[in-house]
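Trainee: Here you go, this is target16.txt (compact mmCIF, C-alpha atoms).
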# COMPACT_ATOMS: atom_id res chain seq x y z
CA MET U 19 119.22 110.96 112.12
CA SER U 20 116.47 109.20 114.01
CA LEU U 21 117.14 106.36 116.42
CA THR U 22 115.09 104.06 114.18
CA ALA U 23 117.31 104.84 111.19
CA VAL U 24 120.47 104.26 113.24
CA CYS U 25 119.21 100.89 114.45
CA LEU U 26 118.13 99.78 110.98
CA ILE U 27 121.40 100.77 109.34
CA GLY U 28 123.28 99.10 112.18
CA VAL U 29 121.39 95.88 111.54
CA LEU U 30 122.23 96.03 107.83
CA VAL U 31 125.93 96.58 108.53
CA ALA U 32 126.05 93.83 111.14
CA THR U 33 124.28 91.43 108.83
CA SER U 34 126.73 91.99 105.99
CA SER U 35 129.73 91.31 108.22
CA ALA U 36 128.54 88.54 110.50
CA ALA U 37 125.49 86.69 109.26
CA PRO U 38 124.31 83.70 111.32
CA SER U 39 124.94 80.19 110.03
CA ALA U 40 122.51 79.01 107.38
CA GLU U 41 121.25 76.08 109.42
CA ALA U 42 120.21 78.39 112.26
CA ASN U 43 118.35 80.84 110.05
CA PRO U 44 114.54 80.78 110.10
CA ALA U 45 113.03 80.55 106.64
CA PRO U 46 110.76 83.36 105.40
CA CYS U 47 107.24 82.67 106.64
CA LYS U 48 103.85 83.56 105.21
CA THR U 49 101.67 86.02 107.10
CA PRO U 50 97.94 85.30 107.45
CA LYS U 51 96.01 85.99 104.26
CA GLN U 52 93.27 87.83 106.13
CA TRP U 53 93.66 90.03 109.19
CA GLU U 54 92.49 93.23 110.84
CA GLY U 55 94.27 95.59 113.17
CA SER U 56 95.85 98.97 113.73
CA ALA U 57 99.10 100.57 112.64
CA VAL U 58 101.15 103.73 112.96
CA ILE U 59 102.66 104.81 109.63
CA VAL U 60 105.47 107.41 109.48
CA ASP U 61 106.74 109.01 106.28
CA TYR U 62 110.20 110.41 107.07
CA GLU U 63 110.41 112.39 103.83
CA THR U 64 107.32 114.49 104.53
CA GLY U 65 107.43 114.19 108.32
CA LEU U 66 103.80 113.04 108.34
CA GLY U 67 102.45 110.29 110.54
CA ASP U 68 99.14 108.46 110.38
CA ALA U 69 97.16 106.23 112.67
CA ALA U 70 95.54 103.53 110.58
CA ARG U 71 92.82 100.94 111.02
CA ILE U 72 93.28 98.17 108.47
CA SER U 73 91.28 95.26 107.08
CA TYR U 74 93.49 93.14 104.82
CA ASP U 75 92.20 90.42 102.51
CA GLU U 76 94.85 88.81 100.33
CA VAL U 77 92.47 86.08 99.15
CA ASN U 78 90.25 88.58 97.34
CA GLU U 79 92.94 91.25 96.86
CA ARG U 80 91.23 94.03 98.76
CA VAL U 81 92.23 96.42 101.53
CA ARG U 82 90.20 98.80 103.68
CA MET U 83 92.09 101.48 105.53
CA HIS U 84 91.05 104.40 107.70
CA LEU U 85 93.79 107.01 108.02
CA SER U 86 93.78 109.85 110.51
CA SER U 87 96.53 112.26 111.49
CA VAL U 88 97.15 115.61 113.12
CA ASN U 89 100.54 117.15 112.34
CA GLY U 90 100.58 120.72 113.62
CA ARG U 91 97.94 122.58 111.65
CA PHE U 92 97.68 119.82 109.05
CA LYS U 93 94.79 117.44 109.66
CA ARG U 94 93.76 114.47 107.57
CA GLU U 95 91.07 111.86 107.93
CA ILE U 96 90.04 109.64 105.07
CA ASP U 97 88.83 106.13 104.32
CA THR U 98 90.17 104.08 101.45
CA ILE U 99 88.73 100.89 99.97
CA MET U 100 91.07 99.29 97.45
CA LEU U 101 89.39 96.62 95.31
CA PHE U 102 92.21 95.44 93.08
CA LYS U 103 90.28 92.71 91.27
CA ASP U 104 87.61 95.27 90.36
CA ASP U 105 90.29 97.84 89.40
CA LYS U 106 88.64 100.42 91.65
CA PHE U 107 89.80 102.59 94.54
CA TYR U 108 87.31 104.48 96.70
CA PHE U 109 88.39 107.46 98.79
CA PHE U 110 85.78 108.97 101.03
CA ASN U 111 85.20 111.09 104.08
CA GLU U 112 82.35 109.97 106.31
CA LYS U 113 82.03 113.36 107.99
CA VAL U 114 81.31 115.30 104.81
CA LYS U 115 79.84 112.38 102.83
CA LYS U 116 82.01 112.96 99.79
CA CYS U 117 83.66 110.31 97.67
CA LYS U 118 86.23 109.94 94.91
CA VAL U 119 86.39 106.83 92.70
CA THR U 120 89.44 106.02 90.57
CA LYS U 121 90.97 103.07 88.80
CA ALA U 122 93.53 101.14 90.84
CA LEU U 123 96.57 103.40 91.18
CA PHE U 124 99.00 100.52 91.67
CA ASP U 125 99.08 96.74 91.74
CA PHE U 126 98.20 94.59 94.72
CA LYS U 127 101.18 93.61 96.84
CA PRO U 128 100.88 90.88 99.49
CA ALA U 129 101.69 91.95 103.03
CA GLY U 130 104.42 90.33 105.09
CA VAL U 131 107.80 88.85 104.27
CA PRO U 132 108.78 89.41 100.61
CA VAL U 133 109.52 86.39 98.44
CA ASN U 134 113.23 85.45 98.33
CA SER U 135 114.09 87.69 101.28
CA THR U 136 117.06 87.00 103.58
CA PHE U 137 116.99 86.43 107.31
CA VAL U 138 118.61 89.27 109.29
CA ALA U 139 118.22 88.58 113.00
CA SER U 140 116.01 87.32 115.78
CA ALA U 141 115.14 89.46 118.79
CA VAL U 142 113.12 89.47 121.97
CA THR U 143 111.44 92.75 122.97
CA GLY U 144 109.68 93.61 126.20
CA LEU U 145 110.41 93.39 129.88
CA GLY U 146 110.40 90.47 132.28
CA SER U 147 107.81 87.85 131.37
CA ASP U 148 105.98 90.25 129.02
CA THR U 149 108.08 89.71 125.89
CA LEU U 150 107.66 89.15 122.17
CA SER U 151 109.97 87.11 119.95
CA THR U 152 110.48 88.39 116.42
CA ASN U 153 112.38 87.57 113.23
CA THR U 154 113.51 90.23 110.75
CA PHE U 155 114.03 89.66 107.03
CA VAL U 156 115.49 91.93 104.35
CA LYS U 157 115.06 92.19 100.60
CA THR U 158 116.99 94.56 98.35
CA HIS U 159 116.52 95.22 94.66
CA ILE U 160 117.65 97.86 92.17
CA HIS U 161 115.23 100.08 90.30
CA PRO U 162 116.85 100.77 86.89
CA LYS U 163 116.42 104.17 85.33
CA HIS U 164 114.15 104.32 82.29
CA SER U 165 114.97 107.03 79.76
CA ASP U 166 111.30 107.68 78.99
CA GLU U 167 110.17 107.72 82.61
CA SER U 168 110.04 111.52 82.95
CA GLU U 169 108.19 111.85 79.66
CA THR U 170 105.47 109.29 80.34
CA ASN U 171 104.72 110.16 83.96
CA ASP U 172 102.64 113.31 84.17
CA SER U 173 102.94 114.53 87.73
CA SER U 174 100.19 117.08 87.15
CA SER U 175 97.62 114.37 86.51
CA PRO U 176 95.28 113.86 89.49
CA ASP U 177 95.62 110.12 89.10
CA HIS U 178 99.40 110.22 88.92
CA HIS U 179 100.98 107.88 91.47
CA HIS U 180 104.12 109.36 93.00
CA HIS U 181 107.01 106.89 93.23
CA HIS U 182 110.13 107.11 95.34
CA HIS U 183 111.88 104.59 93.09
CA HIS U 184 114.34 106.87 91.32
CA GLY U 185 116.68 105.64 88.58
CA GLY U 186 119.46 103.37 89.81
CA HIS U 187 118.32 103.39 93.41
CA VAL U 188 118.58 100.43 95.71
CA HIS U 189 115.27 99.79 97.45
CA THR U 190 115.60 97.89 100.72
CA VAL U 191 112.72 96.49 102.74
CA LEU U 192 113.05 95.27 106.32
CA VAL U 193 110.10 93.23 107.59
CA THR U 194 109.77 92.05 111.18
CA VAL U 195 107.30 89.30 112.05
CA THR U 196 106.57 86.92 114.89
CA PRO U 197 107.97 83.37 114.45
CA GLU U 198 105.90 80.62 112.89
CA PRO U 199 103.20 79.49 113.13
CA THR U 200 101.67 82.97 113.56
CA CYS U 201 104.06 85.00 111.37
CA ALA U 202 102.14 88.14 112.31
CA PRO U 203 103.50 91.47 111.00
CA VAL U 204 105.23 93.57 113.66
CA SER U 205 106.88 96.32 111.60
CA ASP U 206 107.93 97.22 108.05
CA SER U 207 110.66 99.69 107.09
CA VAL U 208 111.59 100.99 103.65
CA LEU U 209 115.08 102.33 102.95
CA GLU U 210 116.63 103.70 99.78
CA GLY U 211 120.08 104.70 98.52
CA ASP U 212 121.60 105.44 95.12
CA ARG U 213 124.24 102.71 95.02
CA ILE U 214 125.00 103.15 91.31
CA GLN U 215 125.92 106.84 91.20
CA TYR U 216 127.00 107.00 94.85
CA PRO U 217 128.36 103.59 95.98
CA ASP U 218 129.39 104.98 99.36
CA GLY U 219 126.41 107.27 99.75
CA PRO U 220 123.90 107.29 102.58
CA ILE U 221 121.02 104.88 103.13
CA VAL U 222 117.86 106.88 103.76
CA LEU U 223 114.96 105.67 105.85
CA LEU U 224 111.85 106.56 103.85
CA GLY U 225 109.13 105.21 106.09
CA ASN U 226 108.15 102.83 108.83
CA THR U 227 104.98 101.03 109.90
CA ASP U 228 104.35 99.49 113.32
CA TYR U 229 101.41 97.10 113.74
CA PHE U 230 99.44 96.29 116.87
CA GLY U 231 96.16 94.73 117.97
CA LEU U 232 96.00 92.31 115.03
CA THR U 233 93.36 89.59 114.79
CA ALA U 234 93.16 86.83 112.18
CA GLY U 235 90.26 86.87 109.73
CA ILE U 236 87.74 89.53 108.67
CA ALA U 237 84.96 90.23 111.18
CA SER U 238 82.58 91.50 108.50
CA THR U 239 83.08 91.68 104.75
CA LYS U 240 80.88 94.78 104.74
CA VAL U 241 84.03 96.80 105.46
CA PHE U 242 84.88 96.36 101.77
CA GLU U 243 81.56 97.78 100.58
CA PRO U 244 81.76 101.48 99.66
CA PRO U 245 79.06 103.73 101.14
CA ASP U 246 75.96 104.54 99.11
CA TYR U 247 77.06 108.11 98.42
CA CYS U 248 80.10 106.74 96.55
CA LYS U 249 77.75 105.40 93.88
CA SER U 250 77.07 108.94 92.74
CA ASN U 251 80.86 109.30 92.30
CA SER U 252 81.20 112.80 93.73
CA THR U 253 84.70 114.07 92.95
CA ASN U 254 84.97 116.97 95.39
CA VAL U 255 86.76 115.17 98.21
CA GLU U 256 90.33 116.40 98.72
CA MET U 257 92.86 113.68 97.89
CA TYR U 258 96.58 113.26 98.47
CA TYR U 259 97.76 111.46 95.35
CA ASP U 260 101.43 111.82 96.23
CA ASP U 261 100.91 110.13 99.58
CA PHE U 262 100.53 106.51 98.55
CA GLN U 263 103.99 105.52 99.73
CA TRP U 264 102.30 104.31 102.92
CA TYR U 265 101.22 101.32 100.86
CA SER U 266 104.82 100.39 100.07
CA PHE U 267 105.74 100.95 103.71
CA MET U 268 103.15 98.40 104.72
CA PHE U 269 103.02 95.87 101.91
CA ALA U 270 106.56 95.35 100.70
Translate the structure described by the file into structure tokens.
Mentor:
Amino acid sequence: MSLTAVCLIGVLVATSSAAPSAEANPAPCKTPKQWEGSAVIVDYETGLGDAARISYDEVNERVRMHLSSVNGRFKREIDTIMLFKDDKFYFFNEKVKKCKVTKALFDFKPAGVPVNSTFVASAVTGLGSDTLSTNTFVKTHIHPKHSDESETNDSSSPDHHHHHHHGGHVHTVLVTVTPEPTCAPVSDSVLEGDRIQYPDGPIVLLGNTDYFGLTAGIASTKVFEPPDYCKSNSTNVEMYYDDFQWYSFMFA
């Protein structure tokens, strides 16, 4: 088990046994509605990691993300523009000038601390005078099993969106942010465990995102404009439709 998983599970156990007094707990804060920055996204189920450059616009429900990774012989580099209000996703590769356009594969989810989440702990990271104060919040909810789920979801469809939310699983999100007034995202972690069939079973760390170099606002709205070659809607670009869990790792 990774050190990250051990630390996260330790926090959950400690929280359940000795939560701080209510009056001392920071309330969930709201992250900026528009920001740009970088992130490292790790999917522990596939073992894949990505470096990401992100432009996030909650006001207009749109996200631009450039993903690049090298994992052994596996290489990936792709840009994504998600325009939720237009119900369009653009996937393109600038090097080969190929583009794929689809309908939105999932709903927009605001970044940052989930609504009705619970305070976990405060921490100070760093060394000496170079430190950063953070607050961590947790939200857990159960995904009930639907009897018709396997019949209605066609995994062979190219537009099928792969979900990790199996029947009866408890989905836990840990979000770490800086204190108000900035409330800037620091890290997100997604954990899952089948608490209905296996009450004493393991909690599995599915993925983690660490953010850095964030700035408030959008420097140029042109980042949300797809390139001209996307207008011809070429469909030959290689896509990874089962890899969209990075969105849930980031925007819980």
Trainee: Would you kindly return, as a list in words, each protein, DNA or RNA residue with an atom no farther than 12 Å from any atom of Val241 (chain U), considering all atoms listed in the file and excluding same-chain residues fewer than 2 positions away?
Mentor: Glu54, Arg71, Ile72, Ser73, Tyr74, Asp75, Arg80, Val81, Arg82, Met83, His84, Asp97, Thr98, Ile99, Met100, Leu101, Ile236, Ala237, Ser238, Thr239, Glu243, Pro244 and Pro245 of chain U
Trainee: Write the residues you've just listed into a file as a short mmCIF file (atom, residue, chain, number, x, y, z; two decimals), keeping the file's coordinate frame, and include C-alpha atoms for each of them.
Mentor:
data_model
loop_
_atom_site.label_atom_id
_atom_site.label_comp_id
_atom_site.auth_asym_id
_atom_site.auth_seq_id
_atom_site.Cartn_x
_atom_site.Cartn_y
_atom_site.Cartn_z
CA GLU U 54 92.49 93.23 110.84
CA ARG U 71 92.82 100.94 111.02
CA ILE U 72 93.28 98.17 108.47
CA SER U 73 91.28 95.26 107.08
CA TYR U 74 93.49 93.14 104.82
CA ASP U 75 92.20 90.42 102.51
CA ARG U 80 91.23 94.03 98.76
CA VAL U 81 92.23 96.42 101.53
CA ARG U 82 90.20 98.80 103.68
CA MET U 83 92.09 101.48 105.53
CA HIS U 84 91.05 104.40 107.70
CA ASP U 97 88.83 106.13 104.32
CA THR U 98 90.17 104.08 101.45
CA ILE U 99 88.73 100.89 99.97
CA MET U 100 91.07 99.29 97.45
CA LEU U 101 89.39 96.62 95.31
CA ILE U 236 87.74 89.53 108.67
CA ALA U 237 84.96 90.23 111.18
CA SER U 238 82.58 91.50 108.50
CA THR U 239 83.08 91.68 104.75
CA GLU U 243 81.56 97.78 100.58
CA PRO U 244 81.76 101.48 99.66
CA PRO U 245 79.06 103.73 101.14
#
Trainee: Write out as a PyMOL selection string each polymer residue whose atoms come within 8 Å of Lys48 (chain U), counting only C-alpha atoms; drop sequence neighbours fewer than 6 positions from it.
Mentor: chain U and resi 130-131+201
Trainee: So what do you get for CA of Arg94 (chain U) versus CA of Tyr229 (chain U), distance-wise?
Mentor: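 A separation of 20.0 Å between them.
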Trainee: Excluding Leu232 (chain U) and any residue of its chain fewer than 2 positions from it, enumerate the residues within 10 Å of it, using only C-alpha atoms, and give them as a PDB file with C-alpha atoms, in the frame of the given file.
Mentor:
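What ended up in around34.pdb:
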ATOM      1  CA  TRP U  53      93.660  90.030 109.190  1.00  0.00           C
ATOM      2  CA  GLU U  54      92.490  93.230 110.840  1.00  0.00           C
ATOM      3  CA  GLY U  55      94.270  95.590 113.170  1.00  0.00           C
ATOM      4  CA  SER U  56      95.850  98.970 113.730  1.00  0.00           C
ATOM      5  CA  ALA U  57      99.100 100.570 112.640  1.00  0.00           C
ATOM      6  CA  ILE U  72      93.280  98.170 108.470  1.00  0.00           C
ATOM      7  CA  SER U  73      91.280  95.260 107.080  1.00  0.00           C
ATOM      8  CA  ALA U 202     102.140  88.140 112.310  1.00  0.00           C
ATOM      9  CA  PRO U 203     103.500  91.470 111.000  1.00  0.00           C
ATOM     10  CA  VAL U 204     105.230  93.570 113.660  1.00  0.00           C
ATOM     11  CA  TYR U 229     101.410  97.100 113.740  1.00  0.00           C
ATOM     12  CA  PHE U 230      99.440  96.290 116.870  1.00  0.00           C
ATOM     13  CA  ALA U 234      93.160  86.830 112.180  1.00  0.00           C
ATOM     14  CA  GLY U 235      90.260  86.870 109.730  1.00  0.00           C
TER      15      GLY U 235
END
Trainee: So what do you get for CA of Ile96 (chain U) versus CA of Asp61 (chain U), distance-wise?
Mentor: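 Interatomic distance, CA of Ile96 (chain U) to CA of Asp61 (chain U): 16.8 Å.
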Trainee: Between CA of Glu76 (chain U) and CA of Gln52 (chain U), measure the distance and give it in Å to one decimal.
Mentor: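 Between these atoms lies a distance of 6.1 Å.
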Trainee: Considering only C-alpha atoms, can you say which of U:Glu210, U:Glu63, U:Asp125, U:Asp246 comes closest to Ile160 (chain U)?
Mentor: U:Glu210
Trainee: Report as an MDAnalysis selection string all protein, DNA and RNA residues lying within 7 Å of region 221-226 of chain U, evaluated on only C-alpha atoms, omitting residues in the same chain fewer than 2 positions from it.
Mentor: chainID U and resid 23 59:63 206:211 219 228 267
Trainee: Region 149-156 of chain U, all listed atoms, 6 Å padding on each side: what axis-aligned box centre and edge lengths in Å to one decimal come out, as lines of an AutoDock Vina configuration file?
Mentor:
center_x = 111.6
center_y = 89.5
center_z = 115.1
size_x = 19.8
size_y = 16.8
size_z = 33.5
Trainee: Closest to Thr158 (chain U) among U:Pro50, U:His189, U:Gly146, U:Thr136, using all atoms listed in the file?
Mentor: U:His189
Trainee: For each of U:Ser135, U:Lys116, U:Lys121, U:Asn89, take the minimum atom-to-atom distance to Asp104 (chain U), counting only C-alpha atoms, then give the residue where this is smallest.
Mentor: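 For Asp104 (chain U), the nearest of the given residues is U:Lys121.
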Trainee: Which of these, U:Lys103, U:Lys249, U:Phe109, U:Thr49, has the shortest distance to Val193 (chain U) once you count only C-alpha atoms?
Mentor: U:Thr49
Trainee: Could you write region 192-211 of chain U as a PDB file, keeping the file's coordinate frame, with N, CA and C atoms rebuilt where they are missing?
Mentor:
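Below is the file out.pdb, written as the result:
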ATOM      1  N   LEU U 192     112.860  96.067 105.111  1.00  0.00           N
ATOM      2  CA  LEU U 192     113.050  95.270 106.320  1.00  0.00           C
ATOM      3  C   LEU U 192     111.676  94.944 106.892  1.00  0.00           C
ATOM      4  N   VAL U 193     111.393  93.664 107.073  1.00  0.00           N
ATOM      5  CA  VAL U 193     110.100  93.230 107.590  1.00  0.00           C
ATOM      6  C   VAL U 193     110.329  92.394 108.848  1.00  0.00           C
ATOM      7  N   THR U 194     109.675  92.781 109.925  1.00  0.00           N
ATOM      8  CA  THR U 194     109.770  92.050 111.180  1.00  0.00           C
ATOM      9  C   THR U 194     108.440  91.380 111.484  1.00  0.00           C
ATOM     10  N   VAL U 195     108.508  90.085 111.794  1.00  0.00           N
ATOM     11  CA  VAL U 195     107.300  89.300 112.050  1.00  0.00           C
ATOM     12  C   VAL U 195     107.532  88.420 113.275  1.00  0.00           C
ATOM     13  N   THR U 196     106.449  87.900 113.823  1.00  0.00           N
ATOM     14  CA  THR U 196     106.570  86.920 114.890  1.00  0.00           C
ATOM     15  C   THR U 196     106.938  85.566 114.267  1.00  0.00           C
ATOM     16  N   PRO U 197     107.599  84.676 115.015  1.00  0.00           N
ATOM     17  CA  PRO U 197     107.970  83.370 114.450  1.00  0.00           C
ATOM     18  C   PRO U 197     106.741  82.557 114.066  1.00  0.00           C
ATOM     19  N   GLU U 198     106.979  81.543 113.220  1.00  0.00           N
ATOM     20  CA  GLU U 198     105.900  80.620 112.890  1.00  0.00           C
ATOM     21  C   GLU U 198     105.433  79.919 114.154  1.00  0.00           C
ATOM     22  N   PRO U 199     104.144  79.553 114.234  1.00  0.00           N
ATOM     23  CA  PRO U 199     103.200  79.490 113.130  1.00  0.00           C
ATOM     24  C   PRO U 199     102.401  80.768 112.879  1.00  0.00           C
ATOM     25  N   THR U 200     102.506  81.777 113.754  1.00  0.00           N
ATOM     26  CA  THR U 200     101.670  82.970 113.560  1.00  0.00           C
ATOM     27  C   THR U 200     102.168  83.851 112.440  1.00  0.00           C
ATOM     28  N   CYS U 201     103.461  84.148 112.401  1.00  0.00           N
ATOM     29  CA  CYS U 201     104.060  85.000 111.370  1.00  0.00           C
ATOM     30  C   CYS U 201     103.270  86.300 111.223  1.00  0.00           C
ATOM     31  N   ALA U 202     102.916  86.900 112.334  1.00  0.00           N
ATOM     32  CA  ALA U 202     102.140  88.140 112.310  1.00  0.00           C
ATOM     33  C   ALA U 202     103.063  89.328 112.069  1.00  0.00           C
ATOM     34  N   PRO U 203     102.653  90.290 111.238  1.00  0.00           N
ATOM     35  CA  PRO U 203     103.500  91.470 111.000  1.00  0.00           C
ATOM     36  C   PRO U 203     103.675  92.297 112.263  1.00  0.00           C
ATOM     37  N   VAL U 204     104.897  92.721 112.518  1.00  0.00           N
ATOM     38  CA  VAL U 204     105.230  93.570 113.660  1.00  0.00           C
ATOM     39  C   VAL U 204     105.620  94.967 113.177  1.00  0.00           C
ATOM     40  N   SER U 205     106.490  95.027 112.172  1.00  0.00           N
ATOM     41  CA  SER U 205     106.880  96.320 111.600  1.00  0.00           C
ATOM     42  C   SER U 205     107.453  96.118 110.203  1.00  0.00           C
ATOM     43  N   ASP U 206     107.329  97.159 109.379  1.00  0.00           N
ATOM     44  CA  ASP U 206     107.930  97.220 108.050  1.00  0.00           C
ATOM     45  C   ASP U 206     108.718  98.523 107.962  1.00  0.00           C
ATOM     46  N   SER U 207     109.880  98.482 107.329  1.00  0.00           N
ATOM     47  CA  SER U 207     110.660  99.690 107.090  1.00  0.00           C
ATOM     48  C   SER U 207     111.169  99.683 105.668  1.00  0.00           C
ATOM     49  N   VAL U 208     111.121 100.850 105.026  1.00  0.00           N
ATOM     50  CA  VAL U 208     111.590 100.990 103.650  1.00  0.00           C
ATOM     51  C   VAL U 208     112.759 101.959 103.626  1.00  0.00           C
ATOM     52  N   LEU U 209     113.881 101.511 103.061  1.00  0.00           N
ATOM     53  CA  LEU U 209     115.080 102.330 102.950  1.00  0.00           C
ATOM     54  C   LEU U 209     115.480 102.438 101.490  1.00  0.00           C
ATOM     55  N   GLU U 210     116.222 103.503 101.161  1.00  0.00           N
ATOM     56  CA  GLU U 210     116.630 103.700  99.780  1.00  0.00           C
ATOM     57  C   GLU U 210     117.974 104.403  99.735  1.00  0.00           C
ATOM     58  N   GLY U 211     118.798 104.044  98.737  1.00  0.00           N
ATOM     59  CA  GLY U 211     120.080 104.700  98.520  1.00  0.00           C
ATOM     60  C   GLY U 211     120.500 104.515  97.081  1.00  0.00           C
TER      61      GLY U 211
END
